[in-house]
Each structure stands twice: as structure tokens, then as C-alpha cells.
Amino acid sequence: MKVAIMGAGLSGLACAITLEKNGITPRVFEKRSQVGDRFVNGEILLSILSRPVRDDLAYLSEKHGIYLRPTGNIKHLHLHSQHAHGAITGALGFNNIRGRHKHSFEKQLESQLKTTEIIFNSTKSYEELLQEYTHVVMATGDAAYAAKVQNYQQDLTVSLKGTIVKGEFDRYMAAAWLDHRIAPKGYGYLIPISDTEANIVIAYPDYPENENLNIENLYHLFHQRVCCDLQQSLEIVDSFQITNYIIGNCRSPRIGNTFFIGNCFGSIMPFLGFGQFSAILTGVYAAYDLCGLGSYNKLSIPLRRSYEQSIILRKAMEQLSNTQYDLLVRALNGSLGHRLFHTKRISPLKAASYLLRPFVSEKVQRFSQD
Ligand SMILES: Cc1cc2nc3c(=O)[nH]c(=O)nc-3n(C[C@H](O)[C@H](O)[C@H](O)COP(=O)(O)OP(=O)(O)OC[C@H]3O[C@@H](n4cnc5c(N)ncnc54)[C@H](O)[C@@H]3O)c2cc1C
């Protein structure tokens, strides 16, 4: 068996680590010159979205032998809307770094490889890899090839603008802003990457009504708002912008001897755009299949269900006005937030999508029942 993995990101590296542990040495083809060779940004893992798993990092290490160190564990999640501010407290998840930083998740994964060779600056196409290898794992972080082979349903695309700012930060927190004036049908967030630097980002969907928005102006508004809420003047030291970030789901996780993992599988949860945990799991599950330890199609069913629940939640949230956001933030600041984040018995994502399903459009309901 000769396995090629296309892409040395979270899912591709998790797949390679798991294959190695089970006696298969794949070859990884990465188009960039090193692992994580892109802008630095802060990301988070929110445990509420992974239920029944309660601690994503402990689960990955104990169950799957994938070891990751976060920047901090999130004890406070601050929520801001136009006129309200609230905070949820507890063991909520983890902050982590991505990209060129020496402690980024992708660098940490790379260091766990022992025998796998990574071919950098690769220009190999999927078709070429198919000729040379018995199995190809598609882990390019986009849906291009999945779409090319008619294996992808795109649900939306998102525009993002982010910066790294200097200031004083509590690395055990994260913050989100729900305000249509700043990110229409989207949100803004702040994730500390150290005690002195944080990533602040706005993200909104590319719907026709958002077509004429000026992302620079919106980001400027957001930056001012964050400075005001944190009572600090935050100096921008780096920035990035992403257009057309695709959110969707593959129709089949495996076609013949090609496996679609990470964002090629559809690991990004449409609700908040989170995809790290699922991306790593899809890499692990595809490797289990290749090693004869399970069926990727079956193992990934819960992730597909989460995707479907998440898109319902997103569509429902998009319908809320700023006044309703204020009410929501105040409610989450109280016992509702505590109950949601600390419940052990139910998956809040599953429960919320079930309750909200009647309020979202026909199209989403049909999609979720497919
Ligand atoms: C700004 C931003 C913020 C985010 N925030 C969060 C968050 O807070 N929490 C969360 O859980 N998720 C977040 N996500 C989503 C998360 O980052 C992704 O879901 C996850 O990285 C997907 O992993 P992947 O392996 O599919 O792709 P990636 O980790 O992106 O890796 C893809 C790799 O493939 C390589 N590649 C691309 N094309 C080719 C090619 N043709 N040949 C060879 N190699 C190729 C790339 O260079 C890259 O190394 C965020 C995403 C963005 C963009």
C-alpha cells in the first residue's frame, strides 16, 4: 500500500501520525515551503461544540495519541452585543496558535512525525498522485478537488479580516461580538495568542445583501469597538484577509481510494466556523480505515451530523436582530449560559438545532434531513 497525503495541515498531519503509529509510512505533499507557512492567527476549541467529548485535547491524546499544547485554557468567554456584555465562566475550551509561529498546532503535529517524509513546494496534482500511489488522502484545506469531482455541497462562503494587535491580555479568555453593524450576519472575536498579543477578526457571510460592504471600514469600526470595550489602544502589528472561505460538506467522505479529510471533508462547523477538532478527527479516522481499523464512512457520521446541526444554528442566529442579540447575551450571562456550557447529559448543539429547526428556511431543513 502506497499512501499520498495532499496537504500538511491539521488533518493531513493527524492522518500521517496515525498511519505511522499503525505501521504505514505515507508521503505528504505540501505546496508551501514549510509546515504552517502562512499568517499567524489565534483559534479556539470550544468544548460545548464537541459534546459528548468534554475536553478536546485530552480526548485527542488519550483516545488517538495526538498531543497538542494550547496557548491557554479558556476560563472566561466574554460576549458583547450592541448594548450588552456578558461572560460565561468555567472550563470552556482552549486557545491555540496557527501558522508560522513555532508553537502553532501544525508545527506541534509535524514534530510528532518520525518516518514520514514531507515533500515541500509540491506542485503534484491529485491526478498525478493517483497515478503513483494506491491511496490518496485529500487534505488541502479547501474544497477545490472535492468540488471538481462533484463531491461537495457548498453552503456559504465567508469574508474575514483579522489583525494581530499588541496590548495586555488574559490568555485564559476569549471574546466575541455579535453586532450586525460590525459583522452583518457574522461576528467579531478576540483570541489572545500571548499575554501581550491577540488576534482580532471580523467574519461575515458573502450573501448578496453583504456584497457592497467595505471590509476595511467594518474592520476599522470593530477595532475601535474592541479598544473601547477593553479600554486599551491596540496597536496593529500584522494583518490578514480572506475572501471566499468555503463552508460546505463533501457528499461522500471516501470515493474509491481517495479520502476527503479536514476542510475537504467539510469539517468547518457553519455556526462559528470552527473546524480544528473535526479536521484532526477526520485525519485520524481516514488513517484507521487505511489500516483496517474501521470504516471512514461510518466513523465520520457523527461529524456530518454535527455539521448539519451547526448550519441550522447558524441560519437561526442570522435571523436575530441586534436587540435580540442583546437579550441573548444577557440570558447567556445568567443561568442559561451556565446550564448550556456545563450540561453533561445533552449536546447543546443537537438540542438547539432541534428546537430551532422550525424557524429556519425550507432549504436548510431539507438539507438536514438528507
Ligand atoms: C481565520 C480563520 C480562523 C479560524 N478559527 C477557527 C477557530 O477558532 N476554531 C476552529 O476550530 N477552527 C477555526 N478555523 C477553521 C480551521 O482552521 C480549519 O477548519 C482547519 O485548519 C482545517 O484543517 P485542514 O487540514 O483541512 O486544512 P489546513 O490546516 O488549512 O491545511 C491545509 C494544508 O494543505 C496545503 N495545501 C493546499 N493546497 C495544496 C495543494 N494543492 N497541494 C499540497 N498542499 C496543499 C496548505 O498549504 C496547508 O498546509 C479558522 C479558519 C480561519 C481561516
# chains A, B, ... in the order shown; residues from 1 in each chain; ligands from 1

call {"tool": "residues_near_ligand", "arguments": {"ligand": "ligand 1", "cutoff": "6 Å", "atoms": "only C-alpha atoms and all ligand atoms", "output": "JSON list (two decimals) with N, CA, C and O atoms, in the first residue's frame"}}
result
[["chain", "number", "residue", "atom", "x", "y", "z"],
["A", 6, "MET", "N", -2.18, 14.79, 0.51],
["A", 6, "MET", "CA", -2.00, 16.07, -0.16],
["A", 6, "MET", "C", -2.35, 17.18, 0.82],
["A", 6, "MET", "O", -3.52, 17.44, 1.08],
["A", 7, "GLY", "N", -1.35, 17.81, 1.40],
["A", 7, "GLY", "CA", -1.58, 18.90, 2.35],
["A", 7, "GLY", "C", -1.05, 18.54, 3.74],
["A", 7, "GLY", "O", -1.44, 17.53, 4.32],
["A", 8, "ALA", "N", -0.12, 19.39, 4.27],
["A", 8, "ALA", "CA", 0.45, 19.15, 5.60],
["A", 8, "ALA", "C", -0.15, 20.13, 6.60],
["A", 8, "ALA", "O", 0.56, 20.87, 7.28],
["A", 9, "GLY", "N", -1.48, 20.15, 6.68],
["A", 9, "GLY", "CA", -2.17, 20.97, 7.69],
["A", 9, "GLY", "C", -2.63, 20.05, 8.81],
["A", 9, "GLY", "O", -2.11, 18.94, 9.00],
["A", 10, "LEU", "N", -3.63, 20.50, 9.56],
["A", 10, "LEU", "CA", -4.08, 19.74, 10.73],
["A", 10, "LEU", "C", -4.52, 18.33, 10.37],
["A", 10, "LEU", "O", -4.10, 17.34, 10.99],
["A", 11, "SER", "N", -5.39, 18.22, 9.37],
["A", 11, "SER", "CA", -5.96, 16.90, 9.07],
["A", 11, "SER", "C", -4.91, 15.98, 8.44],
["A", 11, "SER", "O", -4.80, 14.80, 8.80],
["A", 12, "GLY", "N", -4.12, 16.52, 7.50],
["A", 12, "GLY", "CA", -3.11, 15.70, 6.82],
["A", 12, "GLY", "C", -2.06, 15.18, 7.78],
["A", 12, "GLY", "O", -1.69, 14.00, 7.74],
["A", 29, "PHE", "N", 2.57, 15.58, 0.64],
["A", 29, "PHE", "CA", 2.90, 16.58, -0.38],
["A", 29, "PHE", "C", 2.31, 17.92, 0.04],
["A", 29, "PHE", "O", 1.10, 18.05, 0.16],
["A", 30, "GLU", "N", 3.17, 18.88, 0.31],
["A", 30, "GLU", "CA", 2.73, 20.20, 0.79],
["A", 30, "GLU", "C", 3.14, 21.26, -0.21],
["A", 30, "GLU", "O", 4.31, 21.34, -0.59],
["A", 31, "LYS", "N", 2.20, 22.10, -0.60],
["A", 31, "LYS", "CA", 2.53, 23.08, -1.65],
["A", 31, "LYS", "C", 3.40, 24.23, -1.13],
["A", 31, "LYS", "O", 4.13, 24.85, -1.88],
["A", 32, "ARG", "N", 3.36, 24.47, 0.18],
["A", 32, "ARG", "CA", 4.17, 25.58, 0.71],
["A", 32, "ARG", "C", 5.57, 25.08, 1.09],
["A", 32, "ARG", "O", 5.84, 23.88, 1.07],
["A", 36, "GLY", "N", 2.83, 25.07, 8.12],
["A", 36, "GLY", "CA", 2.29, 26.28, 8.75],
["A", 36, "GLY", "C", 2.80, 27.57, 8.12],
["A", 36, "GLY", "O", 2.78, 28.62, 8.77],
["A", 43, "GLU", "N", -6.77, 30.63, 17.26],
["A", 43, "GLU", "CA", -8.02, 29.89, 17.07],
["A", 43, "GLU", "C", -8.42, 29.29, 18.40],
["A", 43, "GLU", "O", -7.64, 29.29, 19.35],
["A", 44, "ILE", "N", -9.64, 28.79, 18.48],
["A", 44, "ILE", "CA", -10.05, 28.19, 19.75],
["A", 44, "ILE", "C", -10.77, 26.86, 19.52],
["A", 44, "ILE", "O", -11.26, 26.57, 18.43],
["A", 45, "LEU", "N", -10.76, 26.07, 20.57],
["A", 45, "LEU", "CA", -11.53, 24.82, 20.60],
["A", 45, "LEU", "C", -12.55, 25.02, 21.71],
["A", 45, "LEU", "O", -12.15, 25.22, 22.86],
["A", 122, "SER", "N", 5.47, 21.32, -3.24],
["A", 122, "SER", "CA", 4.91, 20.33, -4.17],
["A", 122, "SER", "C", 3.99, 20.98, -5.20],
["A", 122, "SER", "O", 3.17, 21.84, -4.86],
["A", 139, "ALA", "N", -6.19, 16.61, 1.62],
["A", 139, "ALA", "CA", -6.19, 17.40, 2.87],
["A", 139, "ALA", "C", -5.71, 18.81, 2.61],
["A", 139, "ALA", "O", -4.95, 19.38, 3.37],
["A", 140, "THR", "N", -6.19, 19.40, 1.50],
["A", 140, "THR", "CA", -5.65, 20.69, 1.06],
["A", 140, "THR", "C", -6.28, 21.90, 1.76],
["A", 140, "THR", "O", -5.94, 23.04, 1.46],
["A", 141, "GLY", "N", -7.24, 21.66, 2.66],
["A", 141, "GLY", "CA", -7.81, 22.78, 3.41],
["A", 141, "GLY", "C", -8.82, 23.59, 2.61],
["A", 141, "GLY", "O", -9.30, 24.62, 3.07],
["A", 262, "GLY", "N", -10.45, 16.85, 6.67],
["A", 262, "GLY", "CA", -10.35, 18.27, 7.02],
["A", 262, "GLY", "C", -11.41, 19.07, 6.28],
["A", 262, "GLY", "O", -12.54, 18.64, 6.10],
["A", 263, "ASN", "N", -11.02, 20.27, 5.83],
["A", 263, "ASN", "CA", -12.00, 21.10, 5.13],
["A", 263, "ASN", "C", -12.47, 20.47, 3.82],
["A", 263, "ASN", "O", -13.54, 20.81, 3.31],
["A", 267, "SER", "N", -15.14, 19.90, 7.41],
["A", 267, "SER", "CA", -15.01, 19.86, 8.87],
["A", 267, "SER", "C", -15.40, 21.18, 9.53],
["A", 267, "SER", "O", -15.59, 21.23, 10.73],
["A", 268, "ILE", "N", -15.53, 22.26, 8.75],
["A", 268, "ILE", "CA", -15.85, 23.54, 9.39],
["A", 268, "ILE", "C", -17.32, 23.57, 9.79],
["A", 268, "ILE", "O", -18.19, 23.39, 8.95],
["A", 273, "GLY", "N", -17.75, 28.64, 12.39],
["A", 273, "GLY", "CA", -16.57, 28.49, 11.53],
["A", 273, "GLY", "C", -15.46, 27.69, 12.19],
["A", 273, "GLY", "O", -14.30, 27.82, 11.81],
["A", 274, "PHE", "N", -15.80, 26.88, 13.18],
["A", 274, "PHE", "CA", -14.78, 26.07, 13.85],
["A", 274, "PHE", "C", -14.58, 24.77, 13.09],
["A", 274, "PHE", "O", -15.54, 24.11, 12.71],
["A", 275, "GLY", "N", -13.30, 24.37, 12.94],
["A", 275, "GLY", "CA", -13.10, 23.13, 12.20],
["A", 275, "GLY", "C", -11.90, 22.32, 12.65],
["A", 275, "GLY", "O", -11.62, 21.26, 12.12],
["A", 276, "GLN", "N", -11.17, 22.83, 13.66],
["A", 276, "GLN", "CA", -9.91, 22.17, 14.02],
["A", 276, "GLN", "C", -10.12, 20.76, 14.56],
["A", 276, "GLN", "O", -9.46, 19.81, 14.13],
["A", 277, "PHE", "N", -11.04, 20.64, 15.50],
["A", 277, "PHE", "CA", -11.23, 19.34, 16.15],
["A", 277, "PHE", "C", -11.70, 18.30, 15.14],
["A", 277, "PHE", "O", -11.16, 17.20, 15.04],
["A", 279, "ALA", "N", -11.33, 18.46, 11.91],
["A", 279, "ALA", "CA", -10.29, 18.22, 10.90],
["A", 279, "ALA", "C", -9.33, 17.15, 11.39],
["A", 279, "ALA", "O", -8.99, 16.20, 10.66]]

call {"tool": "residues_around", "arguments": {"residues": "A:Lys2", "least_positions_apart": "4", "cutoff": "9 Å", "atoms": "only C-alpha atoms", "output": "list in words"}}
result
Ile24, Thr25, Pro26, Arg27, Glu132, Tyr133, Thr134, His135 and Val136 of chain A

call {"tool": "closest_residue", "arguments": {"among": "A:Ala287, A:Ile261, A:Ile280, A:Leu320", "to": "A:Ala146", "atoms": "only C-alpha atoms"}}
result
A:Ile261

call {"tool": "closest_residue", "arguments": {"among": "A:His220, A:Arg304, A:Arg330, A:Arg225", "to": "A:Ser252", "atoms": "only C-alpha atoms"}}
result
A:Arg304

call {"tool": "residues_around", "arguments": {"residues": "stretch 238-246 of chain A", "least_positions_apart": "3", "cutoff": "8 Å", "atoms": "only C-alpha atoms", "output": "VMD selection string"}}
result
chain A and resid 39 142 to 143 154 to 165 206

call {"tool": "write_last_selection", "arguments": {"atoms": "C-alpha atoms", "output": "PDB file, in the first residue's frame"}}
result
ATOM      1  CA  PHE A  39      -0.112  34.154   8.597  1.00  0.00           C
ATOM      2  CA  ASP A 142     -10.159  23.834   0.602  1.00  0.00           C
ATOM      3  CA  ALA A 143     -12.904  22.192  -1.363  1.00  0.00           C
ATOM      4  CA  GLN A 154     -21.082  24.431  -0.738  1.00  0.00           C
ATOM      5  CA  ASP A 155     -23.417  26.161   1.723  1.00  0.00           C
ATOM      6  CA  LEU A 156     -21.819  29.556   2.069  1.00  0.00           C
ATOM      7  CA  THR A 157     -18.591  31.487   1.730  1.00  0.00           C
ATOM      8  CA  VAL A 158     -17.245  33.895   4.297  1.00  0.00           C
ATOM      9  CA  SER A 159     -15.060  37.037   4.201  1.00  0.00           C
ATOM     10  CA  LEU A 160     -12.640  37.568   7.062  1.00  0.00           C
ATOM     11  CA  LYS A 161     -10.287  40.339   8.049  1.00  0.00           C
ATOM     12  CA  GLY A 162      -8.006  39.931  11.016  1.00  0.00           C
ATOM     13  CA  THR A 163      -5.063  41.581  12.694  1.00  0.00           C
ATOM     14  CA  ILE A 164      -2.560  40.819  15.410  1.00  0.00           C
ATOM     15  CA  VAL A 165      -2.648  43.612  17.972  1.00  0.00           C
ATOM     16  CA  ASP A 206     -20.837  36.659   1.380  1.00  0.00           C
TER      17      ASP A 206
END

call {"tool": "atom_distance", "arguments": {"atom1": "atom CA of A:Ala183", "atom2": "atom CA of A:Asp195"}}
result
26.3 Å

call {"tool": "select_by_dssp", "arguments": {"residues": "stretch 129-335 of chain A", "states": "alpha helix (DSSP H)", "output": "mmCIF file with C-alpha atoms, in the first residue's frame"}}
result
data_model
loop_
_atom_site.group_PDB
_atom_site.id
_atom_site.type_symbol
_atom_site.label_atom_id
_atom_site.label_comp_id
_atom_site.auth_asym_id
_atom_site.auth_seq_id
_atom_site.Cartn_x
_atom_site.Cartn_y
_atom_site.Cartn_z
ATOM 1 C CA LEU A 129 -0.711 11.361 -7.156
ATOM 2 C CA LEU A 130 -3.471 8.936 -8.164
ATOM 3 C CA GLN A 131 -1.173 7.531 -10.845
ATOM 4 C CA GLU A 132 1.719 6.995 -8.451
ATOM 5 C CA ALA A 144 -11.367 22.658 -4.806
ATOM 6 C CA TYR A 145 -10.738 18.998 -5.647
ATOM 7 C CA ALA A 146 -13.830 17.743 -3.828
ATOM 8 C CA ALA A 147 -15.877 20.191 -5.907
ATOM 9 C CA LYS A 148 -14.071 19.161 -9.096
ATOM 10 C CA ILE A 215 -14.453 45.130 4.894
ATOM 11 C CA GLU A 216 -11.776 47.728 5.711
ATOM 12 C CA ASN A 217 -14.380 50.146 7.075
ATOM 13 C CA LEU A 218 -16.098 47.407 9.063
ATOM 14 C CA TYR A 219 -12.807 46.220 10.483
ATOM 15 C CA HIS A 220 -11.954 49.803 11.465
ATOM 16 C CA LEU A 221 -15.272 50.062 13.347
ATOM 17 C CA PHE A 222 -14.599 46.746 15.040
ATOM 18 C CA HIS A 223 -11.079 47.731 16.083
ATOM 19 C CA GLN A 224 -12.450 50.901 17.670
ATOM 20 C CA ARG A 225 -15.129 48.912 19.456
ATOM 21 C CA VAL A 226 -12.624 46.398 20.859
ATOM 22 C CA CYS A 227 -10.304 49.217 22.020
ATOM 23 C CA CYS A 228 -13.280 50.842 23.737
ATOM 24 C CA ASP A 229 -14.527 47.621 25.400
ATOM 25 C CA LEU A 230 -11.028 46.654 26.573
ATOM 26 C CA GLN A 276 -9.913 22.167 14.016
ATOM 27 C CA PHE A 277 -11.228 19.339 16.153
ATOM 28 C CA SER A 278 -13.192 17.754 13.316
ATOM 29 C CA ALA A 279 -10.290 18.222 10.895
ATOM 30 C CA ILE A 280 -7.958 16.289 13.195
ATOM 31 C CA LEU A 281 -10.561 13.581 13.764
ATOM 32 C CA THR A 282 -11.176 13.109 10.034
ATOM 33 C CA GLY A 283 -7.426 12.634 9.540
ATOM 34 C CA VAL A 284 -7.341 10.037 12.313
ATOM 35 C CA TYR A 285 -10.465 8.237 11.030
ATOM 36 C CA ALA A 286 -9.200 8.069 7.437
ATOM 37 C CA ALA A 287 -5.957 6.567 8.769
ATOM 38 C CA TYR A 288 -7.926 3.980 10.780
ATOM 39 C CA ASP A 289 -9.709 2.965 7.585
ATOM 40 C CA LEU A 290 -6.425 2.664 5.685
ATOM 41 C CA TYR A 296 -14.072 6.116 7.443
ATOM 42 C CA ASN A 297 -17.611 6.486 6.082
ATOM 43 C CA LYS A 298 -19.053 5.162 9.348
ATOM 44 C CA LEU A 299 -16.626 6.812 11.770
ATOM 45 C CA ILE A 301 -21.115 10.039 10.525
ATOM 46 C CA PRO A 302 -21.263 11.991 13.845
ATOM 47 C CA LEU A 303 -19.164 14.758 12.301
ATOM 48 C CA ARG A 304 -21.572 15.038 9.376
ATOM 49 C CA ARG A 305 -24.481 15.218 11.812
ATOM 50 C CA SER A 306 -22.750 17.990 13.772
ATOM 51 C CA TYR A 307 -22.279 19.875 10.526
ATOM 52 C CA GLU A 308 -25.981 19.619 9.759
ATOM 53 C CA GLN A 309 -26.945 20.750 13.274
ATOM 54 C CA SER A 310 -24.482 23.590 13.078
ATOM 55 C CA ILE A 311 -25.883 25.009 9.862
ATOM 56 C CA ILE A 312 -29.358 25.116 11.377
ATOM 57 C CA LEU A 313 -27.994 27.047 14.318
ATOM 58 C CA ARG A 314 -26.199 29.456 12.020
ATOM 59 C CA LYS A 315 -29.290 30.154 9.904
ATOM 60 C CA ALA A 316 -31.359 30.728 13.046
ATOM 61 C CA MET A 317 -28.776 33.083 14.578
ATOM 62 C CA GLU A 318 -28.606 35.097 11.361
ATOM 63 C CA ASN A 322 -29.279 43.472 17.376
ATOM 64 C CA THR A 323 -31.971 43.887 20.041
ATOM 65 C CA GLN A 324 -32.410 40.125 20.174
ATOM 66 C CA TYR A 325 -28.626 39.714 20.404
ATOM 67 C CA ASP A 326 -28.750 41.977 23.470
ATOM 68 C CA LEU A 327 -31.375 39.721 25.033
ATOM 69 C CA LEU A 328 -29.379 36.608 24.161
ATOM 70 C CA VAL A 329 -26.154 37.978 25.636
ATOM 71 C CA ARG A 330 -27.960 38.943 28.861
ATOM 72 C CA ALA A 331 -29.554 35.484 29.050
ATOM 73 C CA LEU A 332 -26.247 33.685 28.436
ATOM 74 C CA ASN A 333 -24.664 35.819 31.154
ATOM 75 C CA SER A 335 -28.120 30.739 34.417
#

call {"tool": "closest_residue", "arguments": {"among": "A:Val53, A:Val35, A:Val149, A:Leu19", "to": "A:Ile255", "atoms": "only C-alpha atoms"}}
result
A:Val149

call {"tool": "select_by_dssp", "arguments": {"residues": "stretch 178-230 of chain A", "states": "strand (DSSP E)", "output": "VMD selection string"}}
result
chain A and resid 178 187 to 192 197 to 205
